[in-house]
file coords_35.txt (compact mmCIF, C-alpha atoms)
# COMPACT_ATOMS: atom_id res chain seq x y z
CA MET D 1 10.03 -22.77 22.97
CA THR D 2 9.81 -21.41 26.51
CA PHE D 3 10.46 -17.86 27.62
CA GLY D 4 10.77 -18.26 31.38
CA PRO D 5 8.08 -18.16 34.07
CA LYS D 6 6.48 -14.98 32.72
CA GLY D 7 6.37 -16.34 29.17
CA TRP D 8 6.82 -14.12 26.13
CA THR D 9 6.27 -10.43 26.84
CA PRO D 10 6.90 -7.30 24.73
CA GLU D 11 10.04 -6.67 26.80
CA ARG D 12 11.71 -9.12 24.38
CA LEU D 13 10.83 -6.88 21.46
CA GLY D 14 13.73 -4.92 20.02
CA ASP D 15 13.62 -1.81 17.87
CA GLN D 16 11.27 -2.35 14.94
CA SER D 17 12.40 0.60 12.83
CA GLY D 18 12.05 -0.25 9.14
CA LYS D 19 9.55 -3.07 9.81
CA THR D 20 6.01 -3.00 8.42
CA TYR D 21 3.09 -4.95 9.85
CA ILE D 22 -0.39 -5.28 8.42
CA ILE D 23 -3.13 -6.14 10.91
CA THR D 24 -6.76 -6.88 10.13
CA GLY D 25 -9.33 -5.65 12.64
CA ALA D 26 -6.87 -3.35 14.38
CA ASN D 27 -9.06 -0.47 15.54
CA SER D 28 -10.17 -2.18 18.78
CA GLY D 29 -9.46 -5.06 21.12
CA VAL D 30 -6.45 -7.31 20.69
CA GLY D 31 -5.59 -5.91 17.25
CA PHE D 32 -5.48 -2.36 18.59
CA GLN D 33 -3.22 -3.43 21.46
CA ALA D 34 -0.89 -5.25 19.06
CA THR D 35 -0.72 -2.06 17.00
CA ARG D 36 0.20 -0.04 20.09
CA ILE D 37 2.97 -2.44 21.08
CA LEU D 38 4.52 -2.43 17.60
CA LEU D 39 4.27 1.35 17.21
CA ARG D 40 6.00 1.84 20.55
CA LYS D 41 8.96 -0.02 19.05
CA ASN D 42 8.97 2.24 15.95
CA ALA D 43 7.31 -0.18 13.53
CA LYS D 44 5.01 0.92 10.74
CA VAL D 45 1.48 -0.50 11.06
CA VAL D 46 -1.17 -0.54 8.35
CA MET D 47 -4.59 -1.42 9.72
CA LEU D 48 -7.19 -3.09 7.51
CA ASN D 49 -10.53 -2.24 9.12
CA ARG D 50 -14.15 -2.10 8.12
CA SER D 51 -15.11 1.12 9.95
CA VAL D 52 -13.66 4.40 8.72
CA GLU D 53 -14.92 6.27 11.79
CA LYS D 54 -13.42 3.80 14.31
CA SER D 55 -10.16 3.66 12.38
CA GLU D 56 -9.76 7.43 12.35
CA ALA D 57 -10.55 7.56 16.08
CA ALA D 58 -7.99 4.80 16.77
CA ILE D 59 -5.30 6.66 14.84
CA VAL D 60 -6.02 9.88 16.77
CA GLU D 61 -5.78 8.00 20.07
CA LEU D 62 -2.51 6.32 19.10
CA LYS D 63 -0.89 9.55 17.88
CA ASN D 64 -2.04 11.41 21.00
CA GLU D 65 -0.40 8.75 23.14
CA LEU D 66 2.72 7.98 21.11
CA GLY D 67 3.32 11.20 19.21
CA THR D 68 2.57 12.42 15.71
CA GLN D 69 5.56 10.49 14.36
CA ALA D 70 3.76 7.17 15.03
CA ASP D 71 3.58 5.55 11.57
CA VAL D 72 0.05 4.18 11.57
CA SER D 73 -2.52 4.29 8.79
CA PHE D 74 -5.54 2.35 7.65
CA ILE D 75 -7.07 1.00 4.49
CA ARG D 76 -10.76 0.27 4.52
CA MET D 77 -11.60 -3.41 4.09
CA ASP D 78 -14.70 -5.46 4.87
CA LEU D 79 -13.59 -9.09 5.16
CA SER D 80 -17.14 -10.29 4.58
CA VAL D 81 -17.17 -8.78 1.08
CA LEU D 82 -14.70 -10.35 -1.35
CA ASP D 83 -14.69 -7.32 -3.66
CA SER D 84 -13.73 -5.15 -0.68
CA VAL D 85 -10.87 -7.55 0.11
CA ARG D 86 -9.68 -7.33 -3.50
CA GLU D 87 -9.80 -3.52 -3.46
CA ALA D 88 -7.91 -3.33 -0.17
CA ALA D 89 -5.24 -5.77 -1.37
CA THR D 90 -4.75 -3.68 -4.52
CA GLU D 91 -4.28 -0.58 -2.38
CA VAL D 92 -1.81 -2.39 -0.10
CA ILE D 93 0.27 -3.56 -3.06
CA LYS D 94 0.23 -0.04 -4.46
CA THR D 95 1.25 1.71 -1.24
CA VAL D 96 3.10 -0.82 0.96
CA SER D 97 6.44 -1.91 -0.46
CA HIS D 98 7.41 -4.30 2.33
CA ILE D 99 5.39 -6.64 4.60
CA ASP D 100 7.24 -8.20 7.52
CA ALA D 101 4.07 -9.86 8.79
CA LEU D 102 0.41 -10.01 7.90
CA ILE D 103 -1.51 -10.58 11.13
CA ASN D 104 -4.93 -12.12 10.44
CA ASN D 105 -6.56 -10.79 13.59
CA ALA D 106 -10.09 -9.70 12.65
CA ALA D 107 -13.06 -11.94 13.44
CA ILE D 108 -16.73 -12.01 14.18
CA ALA D 109 -18.09 -14.44 16.76
CA GLN D 110 -21.25 -16.00 18.14
CA VAL D 111 -23.57 -14.54 15.50
CA PRO D 112 -26.92 -15.56 17.03
CA VAL D 113 -28.96 -15.93 13.84
CA ARG D 114 -27.62 -17.42 10.62
CA LYS D 115 -26.67 -14.70 8.13
CA LEU D 116 -25.10 -14.88 4.69
CA THR D 117 -22.44 -12.56 3.31
CA VAL D 118 -23.06 -10.75 0.02
CA ASP D 119 -21.05 -13.54 -1.63
CA GLY D 120 -23.38 -16.19 -0.20
CA PHE D 121 -21.28 -17.58 2.66
CA GLU D 122 -22.35 -18.18 6.25
CA SER D 123 -21.21 -14.95 7.89
CA GLN D 124 -18.63 -16.30 10.34
CA LEU D 125 -17.02 -18.62 7.79
CA GLY D 126 -17.16 -15.91 5.14
CA THR D 127 -15.56 -13.26 7.34
CA ASN D 128 -13.11 -15.26 9.41
CA HIS D 129 -11.93 -17.77 6.82
CA TYR D 130 -12.80 -16.93 3.20
CA GLY D 131 -12.01 -13.22 3.50
CA HIS D 132 -8.61 -13.91 5.06
CA PHE D 133 -7.91 -16.79 2.63
CA LEU D 134 -8.31 -14.41 -0.30
CA LEU D 135 -6.41 -11.56 1.35
CA ASN D 136 -3.41 -13.77 2.10
CA GLY D 137 -3.39 -15.10 -1.44
CA LEU D 138 -3.46 -11.62 -2.94
CA LEU D 139 -0.69 -10.33 -0.67
CA PHE D 140 1.42 -13.48 -0.64
CA ASP D 141 3.92 -12.37 -3.27
CA ARG D 142 4.63 -9.13 -1.40
CA ILE D 143 5.09 -11.07 1.86
CA SER D 144 7.36 -13.53 0.03
CA GLU D 145 9.50 -10.74 -1.43
CA SER D 146 9.95 -9.45 2.12
CA HIS D 147 10.71 -12.92 3.56
CA GLY D 148 7.86 -12.14 5.90
CA ARG D 149 5.40 -14.02 8.07
CA ILE D 150 1.74 -14.89 8.03
CA VAL D 151 0.14 -14.99 11.46
CA VAL D 152 -3.29 -16.57 11.85
CA VAL D 153 -5.11 -15.63 15.05
CA ALA D 154 -7.22 -18.66 15.87
CA SER D 155 -9.34 -19.56 18.90
CA LEU D 156 -9.66 -22.40 21.38
CA GLY D 157 -13.14 -22.64 19.88
CA TYR D 158 -11.59 -24.92 17.27
CA ASN D 159 -11.89 -27.66 19.91
CA MET D 160 -15.64 -27.23 20.11
CA GLY D 161 -18.38 -28.03 17.61
CA LEU D 162 -17.87 -30.78 15.04
CA LYS D 163 -14.05 -30.61 15.05
CA THR D 164 -14.11 -30.92 11.28
CA ILE D 165 -15.48 -29.08 8.24
CA LYS D 166 -19.09 -29.79 7.33
CA PHE D 167 -18.50 -29.98 3.59
CA ASP D 168 -21.98 -31.32 2.80
CA ASP D 169 -23.52 -28.19 4.36
CA ILE D 170 -20.66 -25.77 4.95
CA ASN D 171 -22.99 -22.74 5.14
CA TRP D 172 -25.27 -24.35 7.74
CA ASP D 173 -28.49 -24.36 5.76
CA GLU D 174 -29.61 -26.81 8.44
CA GLY D 175 -28.76 -27.06 12.13
CA TYR D 176 -27.15 -23.63 12.48
CA GLY D 177 -25.78 -22.80 15.90
CA ALA D 178 -23.74 -19.71 16.77
CA ASN D 179 -21.03 -21.76 18.51
CA LEU D 180 -21.00 -24.52 15.90
CA ALA D 181 -20.51 -22.08 13.03
CA TYR D 182 -17.92 -20.04 14.92
CA SER D 183 -15.92 -23.17 15.80
CA GLN D 184 -15.93 -24.30 12.18
CA SER D 185 -14.76 -20.88 10.98
CA LYS D 186 -11.80 -20.81 13.39
CA LEU D 187 -10.87 -24.42 12.61
CA ALA D 188 -10.96 -23.49 8.92
CA GLN D 189 -8.50 -20.65 9.56
CA MET D 190 -6.10 -23.00 11.32
CA MET D 191 -6.39 -25.60 8.56
CA PHE D 192 -5.60 -22.92 6.00
CA ALA D 193 -2.42 -22.06 7.89
CA TYR D 194 -1.25 -25.65 8.35
CA GLU D 195 -2.05 -26.56 4.74
CA LEU D 196 -0.10 -23.50 3.59
CA GLN D 197 2.83 -24.70 5.69
CA ASP D 198 2.65 -28.10 3.96
CA ARG D 199 2.45 -26.56 0.49
CA LEU D 200 5.42 -24.29 1.15
CA THR D 201 7.44 -27.26 2.44
CA ALA D 202 6.46 -29.41 -0.55
CA SER D 203 7.62 -26.69 -2.94
CA GLY D 204 10.89 -26.25 -1.04
CA ARG D 205 10.13 -22.65 -0.16
CA LYS D 206 11.48 -21.01 2.98
CA ASP D 207 10.66 -17.40 2.12
CA VAL D 208 7.46 -17.24 4.21
CA GLN D 209 6.85 -18.54 7.72
CA VAL D 210 3.32 -19.29 8.92
CA PHE D 211 2.39 -19.23 12.61
CA VAL D 212 -0.89 -19.89 14.41
CA CYS D 213 -1.80 -18.41 17.78
CA HIS D 214 -4.80 -17.54 19.90
CA PRO D 215 -5.40 -14.75 22.44
CA GLY D 216 -6.86 -16.96 25.15
CA SER D 217 -9.74 -15.47 27.06
CA SER D 218 -9.29 -11.73 26.65
CA ALA D 219 -11.48 -8.77 27.50
CA THR D 220 -12.36 -7.51 24.01
CA SER D 221 -15.50 -6.35 22.26
CA LEU D 222 -15.67 -9.44 20.00
CA ILE D 223 -18.71 -11.09 21.59
CA ALA D 224 -20.22 -7.77 22.61
CA THR D 225 -20.18 -6.76 18.95
CA SER D 226 -21.80 -9.78 17.33
CA GLY D 227 -23.02 -12.17 20.04
CA SER D 228 -26.54 -12.72 21.35
CA ARG D 229 -27.85 -10.91 24.42
CA VAL D 230 -27.39 -14.05 26.55
CA MET D 231 -23.81 -14.54 25.34
CA ARG D 232 -23.05 -10.88 25.98
CA SER D 233 -24.35 -11.20 29.56
CA ILE D 234 -22.37 -14.38 30.23
CA TRP D 235 -19.23 -12.81 28.79
CA TRP D 236 -19.65 -9.64 30.88
CA LEU D 237 -19.78 -11.77 34.03
CA MET D 238 -16.72 -13.77 32.93
CA THR D 239 -14.68 -10.59 32.45
CA LYS D 240 -15.01 -9.99 36.20
CA THR D 241 -13.19 -13.25 37.00
CA PRO D 242 -9.54 -14.39 36.84
CA MET D 243 -10.49 -16.49 33.79
CA VAL D 244 -10.26 -13.41 31.58
CA GLN D 245 -7.13 -11.35 30.96
CA THR D 246 -6.71 -7.89 29.44
CA ALA D 247 -6.84 -7.22 25.70
CA GLU D 248 -3.20 -6.14 25.90
CA GLN D 249 -2.20 -9.54 27.32
CA GLY D 250 -4.34 -11.16 24.63
CA SER D 251 -2.28 -9.41 21.97
CA TYR D 252 1.03 -10.90 23.10
CA PRO D 253 0.73 -14.18 21.14
CA GLU D 254 0.16 -12.45 17.79
CA VAL D 255 2.94 -9.93 18.36
CA MET D 256 5.25 -12.79 19.37
CA CYS D 257 4.39 -14.78 16.25
CA ALA D 258 4.96 -11.73 14.06
CA THR D 259 8.31 -10.71 15.55
CA GLU D 260 10.08 -13.33 17.68
CA GLU D 261 13.17 -14.42 15.77
CA THR D 262 13.80 -17.52 17.90
CA LEU D 263 10.37 -18.91 17.03
CA THR D 264 10.97 -21.68 14.51
CA GLU D 265 8.37 -24.40 15.11
CA GLN D 266 5.50 -23.66 12.74
CA ARG D 267 3.25 -26.72 13.25
CA ALA D 268 2.17 -25.45 16.63
CA LEU D 269 -0.43 -23.35 18.43
CA TYR D 270 0.91 -20.45 20.50
CA GLY D 271 -0.96 -18.67 23.26
CA PRO D 272 -1.49 -18.54 27.03
CA THR D 273 -0.15 -21.58 28.89
CA GLY D 274 -1.85 -21.01 32.26
CA ARG D 275 -5.25 -22.17 33.50
CA MET D 276 -6.99 -24.15 30.72
CA GLU D 277 -4.65 -22.27 28.35
CA MET D 278 -7.05 -19.34 28.56
CA VAL D 279 -4.81 -17.01 30.57
CA GLY D 280 -1.23 -16.83 31.77
CA ALA D 281 2.31 -16.92 30.42
CA VAL D 282 2.51 -16.96 26.62
CA GLY D 283 4.30 -19.81 24.89
CA LYS D 284 3.62 -23.01 22.96
CA GLY D 285 0.28 -24.56 23.87
CA THR D 286 -1.61 -27.75 23.04
CA LEU D 287 -2.44 -28.45 19.40
CA ASN D 288 -4.98 -31.21 18.79
CA THR D 289 -4.61 -33.39 15.71
CA HIS D 290 -8.02 -32.64 14.17
CA ALA D 291 -6.68 -29.15 13.36
CA TYR D 292 -4.28 -30.62 10.80
CA ASP D 293 -6.21 -33.57 9.39
CA GLU D 294 -4.50 -33.80 6.01
CA SER D 295 -7.44 -34.92 3.88
CA VAL D 296 -9.76 -32.29 5.38
CA MET D 297 -7.15 -29.50 5.05
CA THR D 298 -6.50 -30.29 1.39
CA LYS D 299 -10.20 -30.46 0.55
CA LEU D 300 -10.88 -27.21 2.37
CA TRP D 301 -8.06 -25.48 0.48
CA ASN D 302 -9.40 -26.64 -2.88
CA GLU D 303 -12.97 -25.70 -1.97
CA SER D 304 -11.80 -22.29 -0.72
CA GLU D 305 -9.97 -21.52 -3.96
CA LYS D 306 -13.20 -22.23 -5.86
CA ALA D 307 -15.35 -20.28 -3.42
CA VAL D 308 -13.29 -17.06 -3.62
CA ASN D 309 -12.29 -17.55 -7.27
CA PHE D 310 -8.58 -17.31 -6.59
CA ALA D 311 -5.89 -19.92 -7.31
CA TRP D 312 -2.77 -19.68 -5.15
CA LYS D 313 0.50 -20.06 -7.04
CA LEU D 314 3.11 -21.66 -4.83
call {"tool": "encode", "arguments": {"input": "coords_35.txt", "output": "structure tokens"}}
result
Amino acid sequence: MTFGPKGWTPERLGDQSGKTYIITGANSGVGFQATRILLRKNAKVVMLNRSVEKSEAAIVELKNELGTQADVSFIRMDLSVLDSVREAATEVIKTVSHIDALINNAAIAQVPVRKLTVDGFESQLGTNHYGHFLLNGLLFDRISESHGRIVVVASLGYNMGLKTIKFDDINWDEGYGANLAYSQSKLAQMMFAYELQDRLTASGRKDVQVFVCHPGSSATSLIATSGSRVMRSIWWLMTKTPMVQTAEQGSYPEVMCATEETLTEQRALYGPTGRMEMVGAVGKGTLNTHAYDESVMTKLWNESEKAVNFAWKL
């Protein structure tokens, strides 16, 4: 799918009145910009964020800019805590009757020292993969009823590290590296999406579409929030170069995957198509085969169900 020399831009987005989007990690960065774009087109956005204070500030900023009629709210959720994910999902089901797309946008990155979540997972895998895996499972029926979409926001980091899942030491008890663990967590997210595609196809279901995208190299607070001092310094320097685009541009792929009706190819990776696929016009990019290794995907799915104590019913 190509959208001309400028690629996909929000100019393609029609009126979103009556549409509801749920976005994780939407009070800053790419998630915040995606929220802005959707609200401008009259969509309803429910943010699932960890920080109450930042969420309230984000809502004030959005309503000041777009008007008090902007339909934006938040439900507190900490992806690194499975009980928090369960509580948030219960609240969503209670208060949100329709989900046109669940955008799995939140992430932590480049955590310099190995940490475990309260549930005992390596922090990046626990937050980026397990938390979202459970959330999507709990909300799947509501998304299905709405004939909605699941959008997984991945990273080109999936091409780094081991390029597979380290099942014999998935929590990095040995050999932890910030980049290695981050790469595994983002690869795990992609494998979840592609395995879900396969399971939906096998069951003959067409009520949910699953798309995978990445923001390219975008000027967000992701590394500044969780990365080491060295990584923060390197990233700050990079943001001054043409190799980094704005957070708003970084949000285009996830908005496209959530809304673009002509998008039909699901076994794909969408994002910038310019220099090194880090910046530039948004469209279909390169997807390397290790991201959908069938035996690894299936094993990861089964291990994830056990880890979060939730069995998907498809």
call {"tool": "closest_residue", "arguments": {"input": "coords_35.txt", "among": "D:Met160, D:Leu196, D:Ala107, D:Met278", "to": "Phe140 in chain D", "atoms": "all atoms listed in the file"}}
result
D:Leu196
call {"tool": "closest_residue", "arguments": {"input": "coords_35.txt", "among": "D:Ile23, D:Leu39, D:Leu139, D:Leu79", "to": "Leu66 in chain D", "atoms": "all atoms listed in the file"}}
result
D:Leu39
call {"tool": "closest_residue", "arguments": {"input": "coords_35.txt", "among": "D:Asn128, D:Asn136, D:Thr246, D:Ser185", "to": "Lys313 in chain D", "atoms": "only C-alpha atoms"}}
result
D:Asn136
call {"tool": "closest_residue", "arguments": {"input": "coords_35.txt", "among": "D:Glu122, D:Ile99, D:Ala89, D:Glu260", "to": "Gly137 in chain D", "atoms": "all atoms listed in the file"}}
result
D:Ala89
call {"tool": "residues_near_point", "arguments": {"input": "coords_35.txt", "point": "(-3.2, 6.6, 18.4)", "cutoff": "10 Å", "atoms": "only C-alpha atoms", "output": "list in words"}}
result
Asn27, Phe32, Thr35, Arg36, Leu39, Ser55, Glu56, Ala57, Ala58, Ile59, Val60, Glu61, Leu62, Lys63, Asn64, Glu65, Leu66, Gly67, Thr68, Ala70, Asp71, Val72 and Ser73 of chain D
call {"tool": "write_last_selection", "arguments": {"input": "coords_35.txt", "atoms": "C-alpha atoms", "output": "mmCIF file, in the frame of the given file"}}
result
data_model
loop_
_atom_site.group_PDB
_atom_site.id
_atom_site.type_symbol
_atom_site.label_atom_id
_atom_site.label_comp_id
_atom_site.auth_asym_id
_atom_site.auth_seq_id
_atom_site.Cartn_x
_atom_site.Cartn_y
_atom_site.Cartn_z
ATOM 1 C CA ASN D 27 -9.060 -0.470 15.540
ATOM 2 C CA PHE D 32 -5.480 -2.360 18.590
ATOM 3 C CA THR D 35 -0.720 -2.060 17.000
ATOM 4 C CA ARG D 36 0.200 -0.040 20.090
ATOM 5 C CA LEU D 39 4.270 1.350 17.210
ATOM 6 C CA SER D 55 -10.160 3.660 12.380
ATOM 7 C CA GLU D 56 -9.760 7.430 12.350
ATOM 8 C CA ALA D 57 -10.550 7.560 16.080
ATOM 9 C CA ALA D 58 -7.990 4.800 16.770
ATOM 10 C CA ILE D 59 -5.300 6.660 14.840
ATOM 11 C CA VAL D 60 -6.020 9.880 16.770
ATOM 12 C CA GLU D 61 -5.780 8.000 20.070
ATOM 13 C CA LEU D 62 -2.510 6.320 19.100
ATOM 14 C CA LYS D 63 -0.890 9.550 17.880
ATOM 15 C CA ASN D 64 -2.040 11.410 21.000
ATOM 16 C CA GLU D 65 -0.400 8.750 23.140
ATOM 17 C CA LEU D 66 2.720 7.980 21.110
ATOM 18 C CA GLY D 67 3.320 11.200 19.210
ATOM 19 C CA THR D 68 2.570 12.420 15.710
ATOM 20 C CA ALA D 70 3.760 7.170 15.030
ATOM 21 C CA ASP D 71 3.580 5.550 11.570
ATOM 22 C CA VAL D 72 0.050 4.180 11.570
ATOM 23 C CA SER D 73 -2.520 4.290 8.790
#
call {"tool": "residues_around", "arguments": {"input": "coords_35.txt", "residues": "Asp207 in chain D", "least_positions_apart": "4", "cutoff": "12 Å", "atoms": "all atoms listed in the file", "output": "CSV table (one decimal) with C-alpha atoms, in the coordinates of the input"}}
result
chain,number,residue,atom,x,y,z
D,100,ASP,CA,7.2,-8.2,7.5
D,140,PHE,CA,1.4,-13.5,-0.6
D,141,ASP,CA,3.9,-12.4,-3.3
D,142,ARG,CA,4.6,-9.1,-1.4
D,143,ILE,CA,5.1,-11.1,1.9
D,144,SER,CA,7.4,-13.5,0.0
D,145,GLU,CA,9.5,-10.7,-1.4
D,146,SER,CA,10.0,-9.4,2.1
D,147,HIS,CA,10.7,-12.9,3.6
D,148,GLY,CA,7.9,-12.1,5.9
D,149,ARG,CA,5.4,-14.0,8.1
D,150,ILE,CA,1.7,-14.9,8.0
D,197,GLN,CA,2.8,-24.7,5.7
D,200,LEU,CA,5.4,-24.3,1.2
D,201,THR,CA,7.4,-27.3,2.4
D,203,SER,CA,7.6,-26.7,-2.9
D,314,LEU,CA,3.1,-21.7,-4.8
call {"tool": "atom_distance", "arguments": {"input": "coords_35.txt", "atom1": "CA of Met77 in chain D", "atom2": "CA of Lys186 in chain D"}}
result
19.7 Å
call {"tool": "axis_aligned_box", "arguments": {"input": "coords_35.txt", "around": "range 192-209 of chain D", "padding_each_side": "5 Å", "output": "JSON"}}
result
{"center_x": 2.9, "center_y": -23.3, "center_z": 2.7, "size_x": 27.1, "size_y": 22.2, "size_z": 21.3}
call {"tool": "decode", "arguments": {"input": "coords_35.txt", "residues": "range 294-310 of chain D", "atoms": "C-alpha atoms", "output": "PDB file, in the first residue's frame"}}
result
ATOM      1  CA  GLU D 294       6.174 -19.903  13.642  1.00  0.00           C
ATOM      2  CA  SER D 295       7.633 -22.231  16.268  1.00  0.00           C
ATOM      3  CA  VAL D 296       8.952 -19.341  18.372  1.00  0.00           C
ATOM      4  CA  MET D 297       5.679 -17.376  18.097  1.00  0.00           C
ATOM      5  CA  THR D 298       3.589 -20.350  19.196  1.00  0.00           C
ATOM      6  CA  LYS D 299       5.864 -21.154  22.120  1.00  0.00           C
ATOM      7  CA  LEU D 300       5.914 -17.518  23.226  1.00  0.00           C
ATOM      8  CA  TRP D 301       2.103 -17.376  23.112  1.00  0.00           C
ATOM      9  CA  ASN D 302       1.769 -20.495  25.252  1.00  0.00           C
ATOM     10  CA  GLU D 303       4.418 -19.303  27.710  1.00  0.00           C
ATOM     11  CA  SER D 304       2.756 -15.877  27.901  1.00  0.00           C
ATOM     12  CA  GLU D 305      -0.647 -17.361  28.723  1.00  0.00           C
ATOM     13  CA  LYS D 306       0.962 -19.244  31.619  1.00  0.00           C
ATOM     14  CA  ALA D 307       2.970 -16.239  32.769  1.00  0.00           C
ATOM     15  CA  VAL D 308      -0.030 -13.881  33.022  1.00  0.00           C
ATOM     16  CA  ASN D 309      -2.499 -16.615  34.026  1.00  0.00           C
ATOM     17  CA  PHE D 310      -4.914 -15.867  31.204  1.00  0.00           C
TER      18      PHE D 310
END
